[in-house]
Amino acid sequence: MLEVKDRQQRILRYGLITFGCIVILLSWGIVFYQIEKTKQSLLNSLKREQGNLINVLAENLFQVLEQKHTIELVALKWFSDRQQKNLNDITSFLYGEQTFTRVVLYDRSGRLFYQSSPQILKQQHKEDIKQYIDKMASVSKPFLLIHDPDSSDIFWQIPLLFPLKDERGRVKGAMLIELDIGYFLNLLQNINIGKTGKISITNDQGQVLAIFESGGLATDNGLVNRAKTDFSHTPSGTMIRKYPGLGDYHLTYTKVKNYTFIISISQRLDEFFSDFNQHKKRLFWILSILTMFCFTGLFMLIKMINRKHEYLNALTASDRKNNELIKKLEKEYQISKKAASFDSLTGLYNRRLFISLTQKNLSSAKRNRRIYAVLFADLDRFKTINDTLGHRIGDLLLQNVSKRLVSCTRKSDIIARFGGDEFVVMLTDVAIEQNITRIVEKIITRLSEPYENLDGHEVISSPSIGISIYPRDGEDIETLLRNADAAMYKAKHSGRGRYSFFDTSLNTVSIQKFELEQSMPSALSKNQFILHYQPKISLEDYSVVGLEALIRWQPPNYPLIYPADFIDIAEETGLIVELGRRTLEHACRQLTRWHSEGLKLIPIAVNVSPLELKDQTYSEQFFKTLANNQISPEFIEVEITENAIIKDKQTVIDNLQALSNGGVKISLDDFGKGFSNFDHIRTLPISTLKIDRSFVQDIRNCFNDSPIVSSTIILAQKLNMTVVAEGVETHDQLVNLKVAGCDQVQGYYISRPVPEKEIREFIVSPTRSIST
């Protein structure tokens with residue numbers, strides 16, 4: 001094994017070296033290819049530019065030379081009438097023409113009969129004129145008269161001899177025109193042809209007649225002595241010329257149409273490629289540095305591979321230990337896989353295994369046509385027990401519940417804990433539905449019995465059970481679970497320790513709840529929530545001493561929605577915080593309006609949720625809202641429930657203490673429904689105790705009908721708390737509460753919660769007429 005890995009390491013090293021070299025060589029090859037491609041592109045660009053320029057120059061020179069026809073016409077006219085005024089027309093023509101410096105006319109014998117200026121040609125030219133005329137009679141082409149290098153003639157003024165022919169083509173004489181090539185070339189002053197660029201005009205024998213360079217027209221007479229340029233017989237072309245001591249030139253030439261002139265343009269290549277060569281040099285430097293880095297990286301990589309190779313022996317030794325560890329982990333995985341099928345706290349099946357087993361049972365149920373039922377059980381008040389007594393007691397309670405469930409069911413039934421306080425049971429092979437009812441009632445009775453000695457505590461709880469039946473309520477386990485869950489919530493809303501069979505209307509309720517949950521954020525943004533007010537009456541003089549602000553949801557074109565339908569949703573979604581903030585803001589604005597109208601203000605109580613009090617900044621935001629609306633703290637009261645002080649207790653108490661210190665009265669609402677006692681309450685800044693309506697309803701003929709009410713009033717007053725009885729609906733209840741010493745009451749007997757327009761009556765006339 002070690003030898004195989006060693007061979008693999010060697011192959012890897014050699015492979016990396018080969019790969020690195022190939023990559024580097026390939027990179028250099030690509031760069032060289034791109035450089036040559038760019039160079040050729042630049043050369044083609046130079047060729048096009050030079051070609052365009054000499055074509056323009058050749059055409060311009062051709063147009064200049066073609067102006068000789070005007071002089072020819074005048075000269076031929078002289079041969080017919082011999083009038084001197086015709087020759088004066090030539091002088092006038094030359095006056096505005098700068099390219100022709102001098103014109104001389106000869107007859108057939110070579111005699112001069114007109115010249116535009118008094119300059120006289122050298123004697124050797126005069127003697128040759130007759131010969132040139134004779135030659136032109138046979139050849140019929142113009143002649144270029146070359147300057148004598150030792151003469152004083154201006155070398156850029158080139159004499160051209162043209163035949164003068166009549167209409168029948170007979171040579172009547174000759175016309176000599178001196179062409180000012182210097183003037184023509186100096187028109188190129190603004191054209192950039194480079195420092196080494198040259199524009200040359202030569203004759204068809206290749207002899208240089210004039211040269212234009214970047215500084216202008218060359219002025220040395222030695223131009224005519226330069227070596228003749230051997231152009232090909234083609235009308236135009238390009239070539240690379242080598243000049244000794246000067247280097248390579250790129251030359252482009254073209255012949256002037258119908259004339260013996262050749263125009264060429266050239267530029268030294270090392271000047272043209274100077275920028276390109278600098279770029280190429282920089283590119284080679286960069287590529288060299290990158291190549292060095294590549295070789296360095298390759299070296300470091302090979303060194304790292306060698307170092308890893310040194311660790312190979314140690315890794316081989318550890319392989320054995322790893323294999324042993326893997327076997328151990330596989331064994332533990334099998335154990336954990338088995339444990340994953342059961343609830344670790346109660347030992348019951350978990351959700352995954354429950355669904356797997358029940359699916360198999362339902363498959364067989366289709367064949368034997370027996371009744372199967374799914375029970376979904378939830379413990380009443382388990383969250384309160386868990387939060388109040390601690391998770392240790394909650395776990396012990398769940399373990400005891402699981403044992404009692406097992407004792408109430410058969411071995412063929414399937415029991416599982418889905419999490420929290422949710423238990424699910426499948427009753428298999430039930431003969432008739434009445435048997436399901438008997439089993440469920442047995443479970444409720446057994447689970448409602450006190451749980452003694454749970455770590456020194458005695459706990460009372462009861463289950464709410466929802467029931468769905470196969471195949472009536474669903475033919476698959478997911479549908480049966482969903483329907484049993486819906487039935488369980490119906491049972492829970494009916495009271496504690498109840499059970500309910502599923503019916504299709506429950507799905508409608510679930511849909512309505514979902515629609516409310518989806519609509520609530522939009523309703524908040526559209527200000528669809530309003531306040532109704534219920535008065536509180538003092539039993540001393542029957543005057544209105546306060547109002548409780550109660551939230552309502554008023555969708556457009558729909559009936560009013562009451563808190564029982566949406567407060568739980570707001571709590572679950574967290575929207576209760578924003579709802580509470582808007583309730584306080586609305587109450588403050590209402591007090592401000594009443595004050596501006598001159599009404600006497602009375603305190604308004606707002607309900608504050610536990611979620612709001614868990615915010616450490618709640619009291620600060622509360623007082624900020626009051627200050628923004630210029631409301632004194634004495635006119636806003638806060639009502640909380642016992643659940644508010646179960647979780648995050650210290651944060652809640654800090655907020656309540658800050659509110660109390662700021663002059664806000666705190667009321668404890670629905671007293672008697674939870675676990676709170678006076679020992680616990682007296683440590684809180686509570687100023688008012690509101691007795692839950694469920695205890696007030698027990699009062700019929702005498703206040704002693706409800707000993708909880710009478711004892712609560714006595715104990716609360718000893719703690720200097722104001723006592724308010726909620727849910728007063730009859731005259732007898734009001735009288736008996738007054739006899740019992742209750743301070744204030746509120747309920748339907750006084751007034752239902754009403755909108756702002758209707759509550760004004762209680763503010764304008766706070767004293768109520770109530771007979772006792």
# chains A, B, ... in the order shown; residues from 1 in each chain; ligands from 1

call {"tool": "residues_around", "arguments": {"residues": "segment 439-445 of chain A", "least_positions_apart": "2", "cutoff": "7 Å", "atoms": "only C-alpha atoms", "output": "VMD selection string"}}
result
chain A and resid 405 408 435 to 437 447 to 449 462 to 463 497

call {"tool": "select_by_dssp", "arguments": {"residues": "segment 54-110 of chain A", "states": "strand (DSSP E or B)", "output": "ChimeraX atom specification"}}
result
/A:100-107

call {"tool": "write_last_selection", "arguments": {"atoms": "N, CA, C and O atoms", "output": "PDB file, in the first residue's frame"}}
result
ATOM      1  N   PHE A 100       2.714  76.333 -62.434  1.00  0.00           N
ATOM      2  CA  PHE A 100       3.498  76.541 -63.662  1.00  0.00           C
ATOM      3  C   PHE A 100       4.294  77.843 -63.499  1.00  0.00           C
ATOM      4  O   PHE A 100       3.707  78.936 -63.447  1.00  0.00           O
ATOM      5  N   THR A 101       5.623  77.732 -63.403  1.00  0.00           N
ATOM      6  CA  THR A 101       6.446  78.943 -63.185  1.00  0.00           C
ATOM      7  C   THR A 101       6.833  79.640 -64.501  1.00  0.00           C
ATOM      8  O   THR A 101       7.096  80.839 -64.524  1.00  0.00           O
ATOM      9  N   ARG A 102       6.847  78.884 -65.641  1.00  0.00           N
ATOM     10  CA  ARG A 102       7.301  79.481 -66.916  1.00  0.00           C
ATOM     11  C   ARG A 102       6.797  78.642 -68.077  1.00  0.00           C
ATOM     12  O   ARG A 102       6.764  77.421 -67.994  1.00  0.00           O
ATOM     13  N   VAL A 103       6.389  79.290 -69.139  1.00  0.00           N
ATOM     14  CA  VAL A 103       5.931  78.602 -70.342  1.00  0.00           C
ATOM     15  C   VAL A 103       6.700  79.174 -71.538  1.00  0.00           C
ATOM     16  O   VAL A 103       6.824  80.387 -71.684  1.00  0.00           O
ATOM     17  N   VAL A 104       7.210  78.278 -72.400  1.00  0.00           N
ATOM     18  CA  VAL A 104       7.957  78.690 -73.616  1.00  0.00           C
ATOM     19  C   VAL A 104       7.345  77.952 -74.803  1.00  0.00           C
ATOM     20  O   VAL A 104       7.089  76.724 -74.702  1.00  0.00           O
ATOM     21  N   LEU A 105       7.121  78.667 -75.948  1.00  0.00           N
ATOM     22  CA  LEU A 105       6.522  78.062 -77.129  1.00  0.00           C
ATOM     23  C   LEU A 105       7.546  78.109 -78.293  1.00  0.00           C
ATOM     24  O   LEU A 105       8.244  79.125 -78.493  1.00  0.00           O
ATOM     25  N   TYR A 106       7.601  76.966 -79.045  1.00  0.00           N
ATOM     26  CA  TYR A 106       8.528  76.835 -80.178  1.00  0.00           C
ATOM     27  C   TYR A 106       7.713  76.457 -81.406  1.00  0.00           C
ATOM     28  O   TYR A 106       6.698  75.733 -81.306  1.00  0.00           O
ATOM     29  N   ASP A 107       8.224  76.906 -82.613  1.00  0.00           N
ATOM     30  CA  ASP A 107       7.572  76.451 -83.828  1.00  0.00           C
ATOM     31  C   ASP A 107       8.206  75.142 -84.275  1.00  0.00           C
ATOM     32  O   ASP A 107       9.050  74.573 -83.575  1.00  0.00           O
TER      33      ASP A 107
END

call {"tool": "residues_around", "arguments": {"residues": "segment 573-581 of chain A", "least_positions_apart": "3", "cutoff": "7 Å", "atoms": "only C-alpha atoms", "output": "PyMOL selection string"}}
result
chain A and resi 569-570+584-585+608+611-612

call {"tool": "residues_around", "arguments": {"residues": "Asp692 of chain A", "least_positions_apart": "6", "cutoff": "6 Å", "atoms": "only C-alpha atoms", "output": "ChimeraX atom specification"}}
result
/A:670-671,726

call {"tool": "write_last_selection", "arguments": {"atoms": "C-alpha atoms", "output": "compact mmCIF listing (two decimals), in the first residue's frame"}}
result
# COMPACT_ATOMS: atom_id res chain seq x y z
CA ASP A 670 -58.69 38.16 35.00
CA PHE A 671 -57.45 37.43 38.53
CA GLU A 726 -65.74 42.16 35.80

call {"tool": "residues_around", "arguments": {"residues": "Ser619 of chain A", "least_positions_apart": "3", "cutoff": "7 Å", "atoms": "only C-alpha atoms", "output": "PyMOL selection string"}}
result
chain A and resi 622-623+655+658-659

call {"tool": "write_last_selection", "arguments": {"atoms": "N, CA and C atoms", "output": "short mmCIF file (atom, residue, chain, number, x, y, z; two decimals), in the first residue's frame"}}
result
data_model
loop_
_atom_site.label_atom_id
_atom_site.label_comp_id
_atom_site.auth_asym_id
_atom_site.auth_seq_id
_atom_site.Cartn_x
_atom_site.Cartn_y
_atom_site.Cartn_z
N PHE A 622 -43.49 53.99 26.01
CA PHE A 622 -44.82 54.30 26.57
C PHE A 622 -44.88 55.78 26.95
N PHE A 623 -43.90 56.22 27.73
CA PHE A 623 -43.90 57.61 28.19
C PHE A 623 -43.65 58.57 27.04
N ASN A 655 -40.13 46.87 33.70
CA ASN A 655 -41.03 47.75 32.94
C ASN A 655 -42.21 48.22 33.79
N ALA A 658 -41.08 50.80 36.28
CA ALA A 658 -40.83 52.09 35.65
C ALA A 658 -42.14 52.81 35.36
N LEU A 659 -43.16 52.06 34.90
CA LEU A 659 -44.47 52.67 34.64
C LEU A 659 -45.08 53.19 35.94
#

call {"tool": "residues_around", "arguments": {"residues": "segment 591-607 of chain A", "least_positions_apart": "6", "cutoff": "6 Å", "atoms": "only C-alpha atoms", "output": "PyMOL selection string"}}
result
chain A and resi 546-549+635-639

call {"tool": "closest_residue", "arguments": {"among": "A:Pro707, A:Trp28, A:Ser609, A:Val664", "to": "Leu626 of chain A", "atoms": "only C-alpha atoms"}}
result
A:Val664

call {"tool": "atom_distance", "arguments": {"atom1": "atom CA of Leu298 of chain A", "atom2": "atom CA of Ile24 of chain A"}}
result
11.1 Å

call {"tool": "closest_residue", "arguments": {"among": "A:Pro159, A:Gly173, A:Gly466, A:Gly297", "to": "Ala137 of chain A", "atoms": "only C-alpha atoms"}}
result
A:Gly173

call {"tool": "residues_around", "arguments": {"residues": "Ala377 of chain A", "least_positions_apart": "6", "cutoff": "10 Å", "atoms": "only C-alpha atoms", "output": "ChimeraX atom specification"}}
result
/A:417,421-425,440,443-444,462-467,484-485,487-489,491-492,499

call {"tool": "select_by_dssp", "arguments": {"residues": "segment 350-403 of chain A", "states": "alpha helix (DSSP H)", "output": "ChimeraX atom specification"}}
result
/A:351-368,382-389,391-403

call {"tool": "write_last_selection", "arguments": {"atoms": "C-alpha atoms", "output": "short mmCIF file (atom, residue, chain, number, x, y, z; two decimals), in the first residue's frame"}}
result
data_model
loop_
_atom_site.label_atom_id
_atom_site.label_comp_id
_atom_site.auth_asym_id
_atom_site.auth_seq_id
_atom_site.Cartn_x
_atom_site.Cartn_y
_atom_site.Cartn_z
CA ARG A 351 -43.62 11.09 14.74
CA ARG A 352 -41.52 9.42 12.02
CA LEU A 353 -42.02 5.87 13.27
CA PHE A 354 -45.68 6.53 14.14
CA ILE A 355 -46.44 7.60 10.56
CA SER A 356 -44.56 4.61 9.16
CA LEU A 357 -46.45 2.13 11.37
CA THR A 358 -49.85 3.74 10.87
CA GLN A 359 -49.44 3.77 7.09
CA LYS A 360 -48.94 -0.01 7.17
CA ASN A 361 -52.00 -0.43 9.41
CA LEU A 362 -54.15 1.69 7.12
CA SER A 363 -53.08 -0.46 4.17
CA SER A 364 -54.39 -3.55 5.95
CA ALA A 365 -57.51 -1.64 7.09
CA LYS A 366 -58.56 -1.25 3.46
CA ARG A 367 -58.65 -5.02 3.18
CA ASN A 368 -60.39 -5.99 6.46
CA PHE A 382 -49.20 22.49 30.26
CA LYS A 383 -47.36 25.63 29.16
CA THR A 384 -48.37 27.41 32.35
CA ILE A 385 -47.30 24.41 34.46
CA ASN A 386 -43.99 24.19 32.62
CA ASP A 387 -43.27 27.91 32.90
CA THR A 388 -44.37 28.19 36.54
CA LEU A 389 -42.94 25.02 38.09
CA HIS A 391 -39.09 22.15 32.91
CA ARG A 392 -38.09 19.41 35.35
CA ILE A 393 -41.69 19.11 36.62
CA GLY A 394 -42.96 19.39 33.04
CA ASP A 395 -40.81 16.44 31.95
CA LEU A 396 -41.96 14.32 34.91
CA LEU A 397 -45.58 15.14 34.04
CA LEU A 398 -45.08 14.05 30.42
CA GLN A 399 -43.51 10.76 31.54
CA ASN A 400 -46.45 10.02 33.82
CA VAL A 401 -48.95 10.93 31.09
CA SER A 402 -47.25 8.49 28.69
CA LYS A 403 -47.48 5.67 31.27
#

call {"tool": "closest_residue", "arguments": {"among": "A:Pro521, A:Pro633, A:Pro755, A:Gly456", "to": "Ile551 of chain A", "atoms": "only C-alpha atoms"}}
result
A:Pro755

call {"tool": "closest_residue", "arguments": {"among": "A:Ser522, A:Leu379, A:His250, A:Thr346", "to": "Ser461 of chain A", "atoms": "only C-alpha atoms"}}
result
A:Leu379
